[in-house]
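Reviewing the structure listed below.
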Amino acid sequence: MSREPAPDAVELVGEVARGDREAFGRFYDRYASLVFSFALRLLRARSEAEDLLQEVFFQAWRQAASYDPGRGHPEAWLLTITRSRGIDKLRSMRKRSERTLSVEETSSPSEVGVTASGATRSEAKLTVTGALAGLPDAQRRVLELAYFDGLTQSEIAARLGEPLGTVKTRMRTGLERLRGLLGAVSGASGS
Amino acid sequence: MSHEAWLEQAEVYALGALDDDERRQIEAHLAEGCLVCAEQIRETSEAVTMLARALPQEAPPAALRARLMEAIDAEEDALETEGGAEDVIPIRRAPRWAWWAGWATALAAAGLLLVVGFSLSKTQEELERLRGRVAILQDELTEREATLGFLSDPRVRYVSLAGLPASPGASGWLLWNPEIRQGLFLARGLPPAPADRTYELWGIAGGEPVPAGVFKVDAAGRALFRLPPLTETKPFDTFAVTLEPAGGTLKPSGPMHLAGKI
């Protein structure tokens with residue numbers, strides 16, 4: 001299953017790698033909402049999400065030369081940076097607020113999704129959302145707890161009060177489905 | 001551990017959800033240079049970004065853009081004053097090998113950490129496997145009950161879709177509940193879509209097509225899926241299937257393969 005990322009997105013990263021600031025501006029305009037929405041979902045705090053957005057794009061600017069199109073779409077590259085920095089931030093935020101109510105329990109994923117203001121519907125998002133609609137809720141929940149909240153399988157099991165084996169199987173089945181869906185929505189991103 | 005099991009662990013590793021022991025085990029396996037698992041991790045890392053891509057989009061405050069551009073200008077200026085322009089590029093951006101070197105170091109370190117073997121007893125593994133199987137059956141049952149509930153709703157309409165000249169041998173049907181705007185779609189006899197194309201289902205209201213989901217067909221040309229939630233509220237009078245660029249579009253552009261009126 002080899003899929004080529006949209007050539008113009010890859011070209012854009014190439015221009016950024018050569019230090020083209022104007023290209024970097026276009027790169028930001030194209031992906032800022034995507035990164036910001038993800039940052040908001042990860043950190044659930046506006047000012048923290050704003051910091052994360054800046055850090056992610058700053059890192060992208062510095063590391064654009066190390067981006068390898070063979071390893072995935074620029075969008076996936078950027079989202080992977082966002083997640084890894086975001087989860088680090090989330091963990092240190094949790095440590096800071098250990099004695100107060102833990103951050104991740106303040107709202108459920110779907111609530112955050114629905115109440116986010118100024119939501120726009122990009123074409124890519126429309127098809128991805130459509131593809132994910134086929135994922136059973138129980139599988140989606142374990143994937144989201146891992147992806148957005150940085151929880152491990154046993155932490156998820158404890159959180160949901162379910163046996164570890166159940167969580168493992170749901171996660172694997174969910175991941176398998178996600179990988180299957182990737183083919184169906186490839187090329188939709190960044191348009 | 002069988003290699004199949006490593007591949008499964010690699011997927012969970014890519015999601016970052018392995019507990020410490022298991023994470024160390026797969027890292028040691030990767031440190032042995034398993035390219036198949038490395039590729040599995042790469043693919044899965046990309047697949048999980050779909051969870052982020054499906055979020056409602058919100059634009060960041062405009063002031064952030066200016067602040068970021070200032071920051072990169074400031075950094076650039078600092079580097080230019082420090083050394084000549086010649087020196088800037090190697091300092092500012094890590095070359096590609098550095099990325100690999102970073103990985104290699106991390107993996108080698110992980111390899112050193114592997115001291116203890118597999119601590120899970122066979123019984124424990126078997127118990128978890130069985131629990132997992134029960135969970136999957138429960139999920140399937142829940143899905144089936146939902147489908148059955150959907151099918152027994154008296155408001156469900158049956159729409160038959162006929163093959164058009166692009167694929168005369170194809171046919172399909174849609175069970176459509178116009179009240180709750182949910183549907184179950186089945187197609188058969190469709191030719192496999194080229195790698196850069198996807199089939200897309202459309203609900204048509206007074207000549208205006210609305211996207212109702214993209215789908216792939218299996219080797220036998222069959223597809224069965226539940227329609228994604230539709231925000232459009234106009235009453236559909238027709239449903240159709242076209243072949244579109246991968247990922248689907250907002251307006252149909254490709255050849256029509258199936259169509260049928262309610």
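The way I read the labels, and the way they are meant: chains A, B, ... in the order of the structure tokens, residue 1 as the first residue of every chain, and ligand 1 as the first ligand shown, with later ones counted on from there.
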
Per residue of chain B within 7 Å of chain A, which atom pair is closest and at what distance in Å (one decimal), using only C-alpha atoms, listed by chain and increasing number, as JSON lines?
{"residue": "B:Glu8", "atom": "CA", "partner": "A:Arg172", "partner_atom": "CA", "distance": 6.9}
{"residue": "B:Leu15", "atom": "CA", "partner": "A:Tyr147", "partner_atom": "CA", "distance": 6.3}
{"residue": "B:Gly16", "atom": "CA", "partner": "A:Ala146", "partner_atom": "CA", "distance": 7.0}
{"residue": "B:Ala17", "atom": "CA", "partner": "A:Thr152", "partner_atom": "CA", "distance": 3.9}
{"residue": "B:Leu18", "atom": "CA", "partner": "A:Thr152", "partner_atom": "CA", "distance": 5.5}
{"residue": "B:Asp19", "atom": "CA", "partner": "A:Thr152", "partner_atom": "CA", "distance": 5.6}
{"residue": "B:Arg42", "atom": "CA", "partner": "A:Arg71", "partner_atom": "CA", "distance": 6.7}
{"residue": "B:Thr44", "atom": "CA", "partner": "A:Arg179", "partner_atom": "CA", "distance": 6.4}
{"residue": "B:Glu46", "atom": "CA", "partner": "A:Ala76", "partner_atom": "CA", "distance": 5.6}
{"residue": "B:Ala47", "atom": "CA", "partner": "A:Arg179", "partner_atom": "CA", "distance": 5.3}
{"residue": "B:Val48", "atom": "CA", "partner": "A:Leu178", "partner_atom": "CA", "distance": 6.8}
{"residue": "B:Thr49", "atom": "CA", "partner": "A:Ala76", "partner_atom": "CA", "distance": 6.0}
{"residue": "B:Met50", "atom": "CA", "partner": "A:Val128", "partner_atom": "CA", "distance": 6.6}
{"residue": "B:Ala52", "atom": "CA", "partner": "A:Phe38", "partner_atom": "CA", "distance": 5.7}
{"residue": "B:Arg53", "atom": "CA", "partner": "A:Lys125", "partner_atom": "CA", "distance": 6.0}
{"residue": "B:Ala54", "atom": "CA", "partner": "A:Thr129", "partner_atom": "CA", "distance": 4.9}
{"residue": "B:Leu55", "atom": "CA", "partner": "A:Gly113", "partner_atom": "CA", "distance": 6.4}
{"residue": "B:Pro56", "atom": "CA", "partner": "A:Ala119", "partner_atom": "CA", "distance": 5.5}
{"residue": "B:Gln57", "atom": "CA", "partner": "A:Ala119", "partner_atom": "CA", "distance": 5.0}
{"residue": "B:Glu58", "atom": "CA", "partner": "A:Ala119", "partner_atom": "CA", "distance": 5.3}
{"residue": "B:Ala59", "atom": "CA", "partner": "A:Ser33", "partner_atom": "CA", "distance": 4.4}
{"residue": "B:Pro60", "atom": "CA", "partner": "A:Phe36", "partner_atom": "CA", "distance": 6.0}
{"residue": "B:Leu68", "atom": "CA", "partner": "A:Gln54", "partner_atom": "CA", "distance": 6.2}
{"residue": "B:Arg92", "atom": "CA", "partner": "A:Arg62", "partner_atom": "CA", "distance": 6.2}
{"residue": "B:Arg93", "atom": "CA", "partner": "A:Arg62", "partner_atom": "CA", "distance": 5.3}
{"residue": "B:Ala94", "atom": "CA", "partner": "A:Gln63", "partner_atom": "CA", "distance": 6.3}
{"residue": "B:Pro95", "atom": "CA", "partner": "A:Ser66", "partner_atom": "CA", "distance": 5.9}
{"residue": "B:Arg96", "atom": "CA", "partner": "A:Ser66", "partner_atom": "CA", "distance": 4.6}
{"residue": "B:Trp99", "atom": "CA", "partner": "A:Ser66", "partner_atom": "CA", "distance": 6.7}
{"residue": "B:Glu128", "atom": "CA", "partner": "A:Gly165", "partner_atom": "CA", "distance": 4.2}
{"residue": "B:Arg129", "atom": "CA", "partner": "A:Gly165", "partner_atom": "CA", "distance": 6.2}
{"residue": "B:Arg131", "atom": "CA", "partner": "A:Gly165", "partner_atom": "CA", "distance": 5.5}
{"residue": "B:Gly132", "atom": "CA", "partner": "A:Thr166", "partner_atom": "CA", "distance": 4.3}
{"residue": "B:Ala135", "atom": "CA", "partner": "A:Thr166", "partner_atom": "CA", "distance": 5.4}
{"residue": "B:Ile136", "atom": "CA", "partner": "A:Arg170", "partner_atom": "CA", "distance": 6.9}
{"residue": "B:Thr198", "atom": "CA", "partner": "A:Ala184", "partner_atom": "CA", "distance": 6.6}
{"residue": "B:Gly213", "atom": "CA", "partner": "A:Gly130", "partner_atom": "CA", "distance": 5.7}
{"residue": "B:Val214", "atom": "CA", "partner": "A:Thr127", "partner_atom": "CA", "distance": 7.0}
{"residue": "B:Phe215", "atom": "CA", "partner": "A:Ala184", "partner_atom": "CA", "distance": 6.7}
{"residue": "B:Lys216", "atom": "CA", "partner": "A:Ala184", "partner_atom": "CA", "distance": 6.5}
{"residue": "B:Arg226", "atom": "CA", "partner": "A:Gly134", "partner_atom": "CA", "distance": 6.8}
{"residue": "B:Pro228", "atom": "CA", "partner": "A:Gly130", "partner_atom": "CA", "distance": 4.9}
{"residue": "B:Ala246", "atom": "CA", "partner": "A:Gly187", "partner_atom": "CA", "distance": 5.7}
{"residue": "B:Gly247", "atom": "CA", "partner": "A:Val185", "partner_atom": "CA", "distance": 3.9}
{"residue": "B:Gly248", "atom": "CA", "partner": "A:Thr127", "partner_atom": "CA", "distance": 6.5}
{"residue": "B:Thr249", "atom": "CA", "partner": "A:Glu123", "partner_atom": "CA", "distance": 6.7}
{"residue": "B:Leu250", "atom": "CA", "partner": "A:Glu123", "partner_atom": "CA", "distance": 6.6}

Item to complete: Apply DSSP to the structure's backbone, then extract all residues of range 11-175 of chain A labelled alpha helix (DSSP H) and return them as a count of residues only.
Response: 119
